[in-house]
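**Student:** For reference, the file protein-v3.cif (mmCIF, C-alpha atoms) is included below:
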data_final
#
loop_
_atom_site.group_PDB
_atom_site.id
_atom_site.type_symbol
_atom_site.label_atom_id
_atom_site.label_comp_id
_atom_site.auth_asym_id
_atom_site.auth_seq_id
_atom_site.Cartn_x
_atom_site.Cartn_y
_atom_site.Cartn_z
ATOM 1 C CA MET A 39 0.000 0.000 0.000
ATOM 2 C CA SER A 40 1.087 3.553 -0.577
ATOM 3 C CA TYR A 41 -0.204 6.837 0.733
ATOM 4 C CA ASP A 42 -3.026 8.336 -1.354
ATOM 5 C CA ARG A 43 -3.156 12.023 -0.402
ATOM 6 C CA ASP A 44 -6.006 12.700 -2.824
ATOM 7 C CA ALA A 45 -8.126 10.058 -1.089
ATOM 8 C CA LEU A 46 -7.431 11.717 2.276
ATOM 9 C CA LEU A 47 -8.391 15.150 0.937
ATOM 10 C CA GLU A 48 -11.650 13.756 -0.444
ATOM 11 C CA LEU A 49 -12.479 12.026 2.848
ATOM 12 C CA ILE A 50 -11.829 15.221 4.817
ATOM 13 C CA ARG A 51 -13.961 17.193 2.337
ATOM 14 C CA THR A 52 -16.900 14.750 2.460
ATOM 15 C CA GLU A 53 -16.733 13.281 5.979
ATOM 16 C CA SER A 54 -15.021 15.828 8.233
ATOM 17 C CA LEU A 55 -15.295 19.442 7.082
ATOM 18 C CA GLN A 56 -18.411 21.287 8.236
ATOM 19 C CA ARG A 57 -19.325 24.928 7.584
ATOM 20 C CA GLY A 58 -21.206 27.144 10.033
ATOM 21 C CA GLU A 59 -20.524 28.824 13.369
ATOM 22 C CA PHE A 60 -18.499 26.796 15.866
ATOM 23 C CA THR A 61 -16.688 27.302 19.163
ATOM 24 C CA LEU A 62 -13.345 25.512 19.264
ATOM 25 C CA ALA A 63 -11.703 23.851 22.295
ATOM 26 C CA SER A 64 -9.541 26.968 22.600
ATOM 27 C CA GLY A 65 -12.709 29.062 22.985
ATOM 28 C CA LYS A 66 -12.174 30.777 19.630
ATOM 29 C CA LYS A 67 -15.037 31.096 17.158
ATOM 30 C CA ALA A 68 -14.670 29.560 13.692
ATOM 31 C CA SER A 69 -16.669 29.441 10.459
ATOM 32 C CA TYR A 70 -15.778 25.780 9.921
ATOM 33 C CA TYR A 71 -15.205 22.649 11.961
ATOM 34 C CA LEU A 72 -13.069 19.603 11.261
ATOM 35 C CA ASP A 73 -14.471 16.490 12.910
ATOM 36 C CA CYS A 74 -11.616 14.126 12.154
ATOM 37 C CA ARG A 75 -13.151 11.332 14.227
ATOM 38 C CA ASN A 76 -15.322 10.816 11.155
ATOM 39 C CA ILE A 77 -12.203 9.797 9.221
ATOM 40 C CA THR A 78 -9.973 8.297 11.944
ATOM 41 C CA LEU A 79 -12.818 5.864 12.673
ATOM 42 C CA HIS A 80 -13.614 5.296 8.975
ATOM 43 C CA PRO A 81 -12.191 2.099 7.394
ATOM 44 C CA LYS A 82 -10.608 3.867 4.421
ATOM 45 C CA GLY A 83 -9.683 6.948 6.441
ATOM 46 C CA ALA A 84 -7.876 4.958 9.123
ATOM 47 C CA ASN A 85 -5.737 3.250 6.487
ATOM 48 C CA VAL A 86 -4.963 6.387 4.473
ATOM 49 C CA ILE A 87 -3.991 8.304 7.618
ATOM 50 C CA ALA A 88 -1.761 5.467 8.843
ATOM 51 C CA GLU A 89 -0.095 5.209 5.429
ATOM 52 C CA GLY A 90 0.495 8.968 5.322
ATOM 53 C CA MET A 91 1.918 9.178 8.822
ATOM 54 C CA LEU A 92 4.178 6.158 8.284
ATOM 55 C CA GLU A 93 5.426 7.794 5.080
ATOM 56 C CA VAL A 94 6.245 10.982 7.018
ATOM 57 C CA MET A 95 8.108 8.951 9.644
ATOM 58 C CA ARG A 96 10.092 7.094 6.994
ATOM 59 C CA SER A 97 10.954 10.307 5.134
ATOM 60 C CA THR A 98 12.369 11.947 8.257
ATOM 61 C CA GLY A 99 14.939 9.237 8.959
ATOM 62 C CA THR A 100 14.647 6.166 11.119
ATOM 63 C CA LEU A 101 11.307 5.052 12.487
ATOM 64 C CA PRO A 102 10.646 5.899 16.117
ATOM 65 C CA GLU A 103 10.164 3.106 18.611
ATOM 66 C CA ALA A 104 6.574 4.122 19.383
ATOM 67 C CA VAL A 105 3.735 6.456 18.431
ATOM 68 C CA GLY A 106 0.951 7.828 20.566
ATOM 69 C CA GLY A 107 -0.896 10.873 21.734
ATOM 70 C CA MET A 108 -3.603 12.303 23.914
ATOM 71 C CA ALA A 109 -6.552 10.013 24.633
ATOM 72 C CA ILE A 110 -9.159 9.819 23.092
ATOM 73 C CA GLY A 111 -8.510 11.707 19.857
ATOM 74 C CA ALA A 112 -5.136 10.146 19.063
ATOM 75 C CA ASP A 113 -6.130 6.586 20.022
ATOM 76 C CA PRO A 114 -7.623 5.516 16.660
ATOM 77 C CA ILE A 115 -4.690 7.124 14.821
ATOM 78 C CA THR A 116 -2.209 5.241 16.992
ATOM 79 C CA ALA A 117 -4.127 1.978 16.544
ATOM 80 C CA SER A 118 -4.221 2.381 12.752
ATOM 81 C CA ILE A 119 -0.505 3.129 12.541
ATOM 82 C CA ILE A 120 0.603 0.208 14.700
ATOM 83 C CA THR A 121 -1.781 -2.156 12.883
ATOM 84 C CA LEU A 122 -0.338 -1.170 9.497
ATOM 85 C CA ALA A 123 3.200 -1.295 10.936
ATOM 86 C CA GLY A 124 2.534 -4.824 12.195
ATOM 87 C CA GLN A 125 1.311 -5.891 8.760
ATOM 88 C CA GLN A 126 4.590 -4.545 7.343
ATOM 89 C CA ASP A 127 6.651 -6.269 10.060
ATOM 90 C CA LEU A 128 7.816 -2.940 11.504
ATOM 91 C CA PRO A 129 8.643 -2.950 15.242
ATOM 92 C CA LEU A 130 6.543 0.132 16.036
ATOM 93 C CA LYS A 131 4.576 0.148 19.295
ATOM 94 C CA GLY A 132 1.799 2.401 20.507
ATOM 95 C CA PHE A 133 1.013 4.302 23.677
ATOM 96 C CA MET A 134 -1.648 6.645 24.964
ATOM 97 C CA VAL A 135 -1.497 9.673 27.196
ATOM 98 C CA ARG A 136 -4.305 10.106 29.701
ATOM 99 C CA LYS A 137 -5.595 13.622 30.338
ATOM 100 C CA GLU A 138 -4.790 13.047 34.019
ATOM 101 C CA PRO A 139 -2.717 10.366 35.764
ATOM 102 C CA LYS A 140 -4.810 7.484 37.110
ATOM 103 C CA ASP A 141 -5.661 7.763 40.799
ATOM 104 C CA HIS A 142 -5.531 3.972 41.191
ATOM 105 C CA GLY A 143 -3.368 1.046 40.128
ATOM 106 C CA THR A 144 0.022 2.229 38.921
ATOM 107 C CA GLY A 145 -1.080 5.870 38.652
ATOM 108 C CA LYS A 146 0.343 6.219 35.160
ATOM 109 C CA GLN A 147 -0.492 9.006 32.752
ATOM 110 C CA VAL A 148 1.347 7.299 29.870
ATOM 111 C CA GLU A 149 0.055 3.805 29.105
ATOM 112 C CA GLY A 150 1.446 1.148 26.796
ATOM 113 C CA PRO A 151 4.574 -0.898 26.134
ATOM 114 C CA VAL A 152 7.019 2.028 26.259
ATOM 115 C CA LYS A 153 10.032 2.717 28.471
ATOM 116 C CA ALA A 154 11.971 5.822 29.399
ATOM 117 C CA GLY A 155 14.588 6.682 26.805
ATOM 118 C CA GLN A 156 12.611 5.432 23.809
ATOM 119 C CA ARG A 157 12.215 7.678 20.746
ATOM 120 C CA VAL A 158 8.556 8.484 20.025
ATOM 121 C CA VAL A 159 6.305 10.511 17.756
ATOM 122 C CA ILE A 160 3.173 12.246 19.027
ATOM 123 C CA VAL A 161 0.173 11.942 16.690
ATOM 124 C CA GLU A 162 -2.874 14.205 16.574
ATOM 125 C CA ASP A 163 -5.904 14.798 14.402
ATOM 126 C CA VAL A 164 -6.365 18.580 14.197
ATOM 127 C CA ILE A 165 -3.793 21.195 15.201
ATOM 128 C CA THR A 166 -5.089 24.632 16.142
ATOM 129 C CA SER A 167 -2.975 26.116 18.929
ATOM 130 C CA GLY A 168 -1.355 22.737 19.561
ATOM 131 C CA GLY A 169 -2.624 22.619 23.149
ATOM 132 C CA SER A 170 -3.704 18.975 23.311
ATOM 133 C CA ALA A 171 -0.629 17.636 21.537
ATOM 134 C CA LEU A 172 1.623 19.851 23.665
ATOM 135 C CA LYS A 173 0.103 18.293 26.809
ATOM 136 C CA ALA A 174 0.878 14.870 25.336
ATOM 137 C CA VAL A 175 4.461 15.999 24.593
ATOM 138 C CA ASP A 176 4.910 17.221 28.170
ATOM 139 C CA ALA A 177 3.491 14.015 29.689
ATOM 140 C CA ALA A 178 5.611 11.825 27.388
ATOM 141 C CA ARG A 179 8.751 13.776 28.254
ATOM 142 C CA GLU A 180 7.935 13.635 31.967
ATOM 143 C CA TYR A 181 7.612 9.848 31.597
ATOM 144 C CA GLY A 182 11.109 9.839 30.086
ATOM 145 C CA LEU A 183 10.260 9.368 26.423
ATOM 146 C CA VAL A 184 12.261 11.247 23.781
ATOM 147 C CA VAL A 185 9.713 13.051 21.602
ATOM 148 C CA GLU A 186 11.136 13.474 18.111
ATOM 149 C CA ARG A 187 8.275 15.235 16.332
ATOM 150 C CA VAL A 188 4.526 15.693 16.087
ATOM 151 C CA ILE A 189 2.483 14.474 13.109
ATOM 152 C CA ALA A 190 -1.116 15.551 12.565
ATOM 153 C CA ILE A 191 -3.785 15.041 9.950
ATOM 154 C CA ILE A 192 -4.542 18.728 9.429
ATOM 155 C CA ASP A 193 -3.198 22.107 10.549
ATOM 156 C CA ARG A 194 -5.673 24.967 11.008
ATOM 157 C CA LEU A 195 -2.664 27.337 10.651
ATOM 158 C CA ALA A 196 -3.539 29.045 13.919
ATOM 159 C CA GLY A 197 -0.201 29.081 15.739
ATOM 160 C CA GLY A 198 0.363 25.404 16.451
ATOM 161 C CA GLU A 199 3.532 25.101 14.380
ATOM 162 C CA GLU A 200 5.125 27.996 16.259
ATOM 163 C CA ALA A 201 4.107 26.493 19.617
ATOM 164 C CA PHE A 202 5.895 23.248 18.718
ATOM 165 C CA LYS A 203 8.991 25.111 17.526
ATOM 166 C CA ALA A 204 9.099 26.819 20.934
ATOM 167 C CA LYS A 205 9.320 23.298 22.449
ATOM 168 C CA GLY A 206 12.087 22.317 20.016
ATOM 169 C CA LEU A 207 9.812 20.150 17.876
ATOM 170 C CA GLU A 208 8.854 20.006 14.226
ATOM 171 C CA LEU A 209 5.225 19.715 13.244
ATOM 172 C CA HIS A 210 4.457 17.619 10.156
ATOM 173 C CA THR A 211 0.915 17.559 8.811
ATOM 174 C CA LEU A 212 -0.716 15.590 6.037
ATOM 175 C CA THR A 213 -2.870 18.580 5.056
ATOM 176 C CA THR A 214 -3.658 22.176 5.986
ATOM 177 C CA ILE A 215 -6.855 24.180 5.753
ATOM 178 C CA ARG A 216 -5.471 25.820 2.601
ATOM 179 C CA ASP A 217 -5.935 22.478 0.828
ATOM 180 C CA PHE A 218 -9.666 23.223 1.178
ATOM 181 C CA GLY A 219 -9.549 26.869 0.122
ATOM 182 C CA ILE A 220 -9.725 28.115 3.709
ATOM 183 C CA GLU A 221 -7.462 30.845 5.026
ATOM 184 C CA PRO A 222 -6.606 31.240 8.733
ATOM 185 C CA GLU A 223 -9.196 33.251 10.661
#
Could you express the structure from this file as structure tokens?
**Tutor:**
Amino acid sequence: MSYDRDALLELIRTESLQRGEFTLASGKKASYYLDCRNITLHPKGANVIAEGMLEVMRSTGTLPEAVGGMAIGADPITASIITLAGQQDLPLKGFMVRKEPKDHGTGKQVEGPVKAGQRVVIVEDVITSGGSALKAVDAAREYGLVVERVIAIIDRLAGGEEAFKAKGLELHTLTTIRDFGIEPE
């Protein structure tokens, strides 16, 4: 399989992009909304996203040891990537970052078969300010993981890239809002 960017663009256009008046997680108002759960939980979308993100990882050098991000949004992305990696016999594991550490059991905020010192990539669906992915970066680093980069499906071009640069990280995205004729608000 190879990454089909045109298929991803069409899925975002038909399954994810909505026009109207919306309030974003950041509290900002927007004239459009990107519900990427409609494509991360779509059989074709899950595969196209995984293929695209694996291609980005390959193009930037060696594969990380694991991928993951903030629960719940990044979970289907992580699952798709590690499933495809397994089918290609790639030793890529997944992890998830809880919004808060558990108050029972081991009390972990980072869950999965990862250990301190491992190189990881944070995955995300939509980047606006980068807030959710930045929380995942901080939790992963606190756990001892070495975050190499962040990869997202789409960038709203609203300051997220700069926020990652301030943390010493590159942001790679499969698309931006400009691919849909939308300019930053």
**Student:** Contacts between segment 66-87 of chain A and segment 117-195 of chain A, please, where a residue of segment 117-195 of chain A counts if it comes within 9 Å (with only C-alpha atoms); show its shortest atom pair and distance in Å to one decimal, rows by chain and ascending number, as a Markdown table.
**Tutor:**
| residue | atom | partner | partner_atom | distance |
| --- | --- | --- | --- | --- |
| A:Ala117 | CA | A:Ala84 | CA | 8.8 |
| A:Ser118 | CA | A:Ala84 | CA | 5.8 |
| A:Ile119 | CA | A:Ile87 | CA | 7.9 |
| A:Leu122 | CA | A:Asn85 | CA | 7.6 |
| A:Asp163 | CA | A:Cys74 | CA | 6.2 |
| A:Val164 | CA | A:Cys74 | CA | 7.2 |
| A:Ile191 | CA | A:Ile87 | CA | 7.1 |
| A:Ile192 | CA | A:Leu72 | CA | 8.8 |
**Student:** Quick one: contact table of segment 90-198 of chain A to segment 41-44 of chain A, 9 Å max, nearest atom pair and distance in Å to one decimal per residue, counting only C-alpha atoms, chain and number order, as a Markdown table?
**Tutor:**
| residue | atom | partner | partner_atom | distance |
| --- | --- | --- | --- | --- |
| A:Gly90 | CA | A:Tyr41 | CA | 5.1 |
| A:Met91 | CA | A:Tyr41 | CA | 8.7 |
| A:Leu92 | CA | A:Tyr41 | CA | 8.8 |
| A:Glu93 | CA | A:Tyr41 | CA | 7.2 |
**Student:** Taking the file as I've supplied it (selection: the PyMOL selection byres ((chain A and resi 211) around 6)), which residues are included? Please answer as a PyMOL selection string.
**Tutor:** chain A and resi 189-192+210+212-213
**Student:** Looking at only C-alpha atoms, which of A:Leu183, A:Ala45, A:Leu172, A:Leu209 is the one that sits closest to Phe133 of chain A?
**Tutor:**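 Closest candidate: A:Leu183.
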**Student:** Report as a list in words the residues that result from applying the PyMOL selection byres ((chain A and resi 199) around 9) to the structure here.
**Tutor:**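 This file gives the following for the PyMOL selection byres ((chain A and resi 199) around 9): Ile165, Thr166, Ser167, Gly168, Asp193, Leu195, Ala196, Gly197, Gly198, Glu200, Ala201, Phe202, Lys203, Ala204, Leu207, Glu208, Leu209 and His210 of chain A.
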**Student:** What's the separation between atom CA of Phe218 of chain A and atom CA of Gly58 of chain A, in Å to one decimal place?
**Tutor:**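 Rounded to one decimal, the two atoms are 15.1 Å apart.
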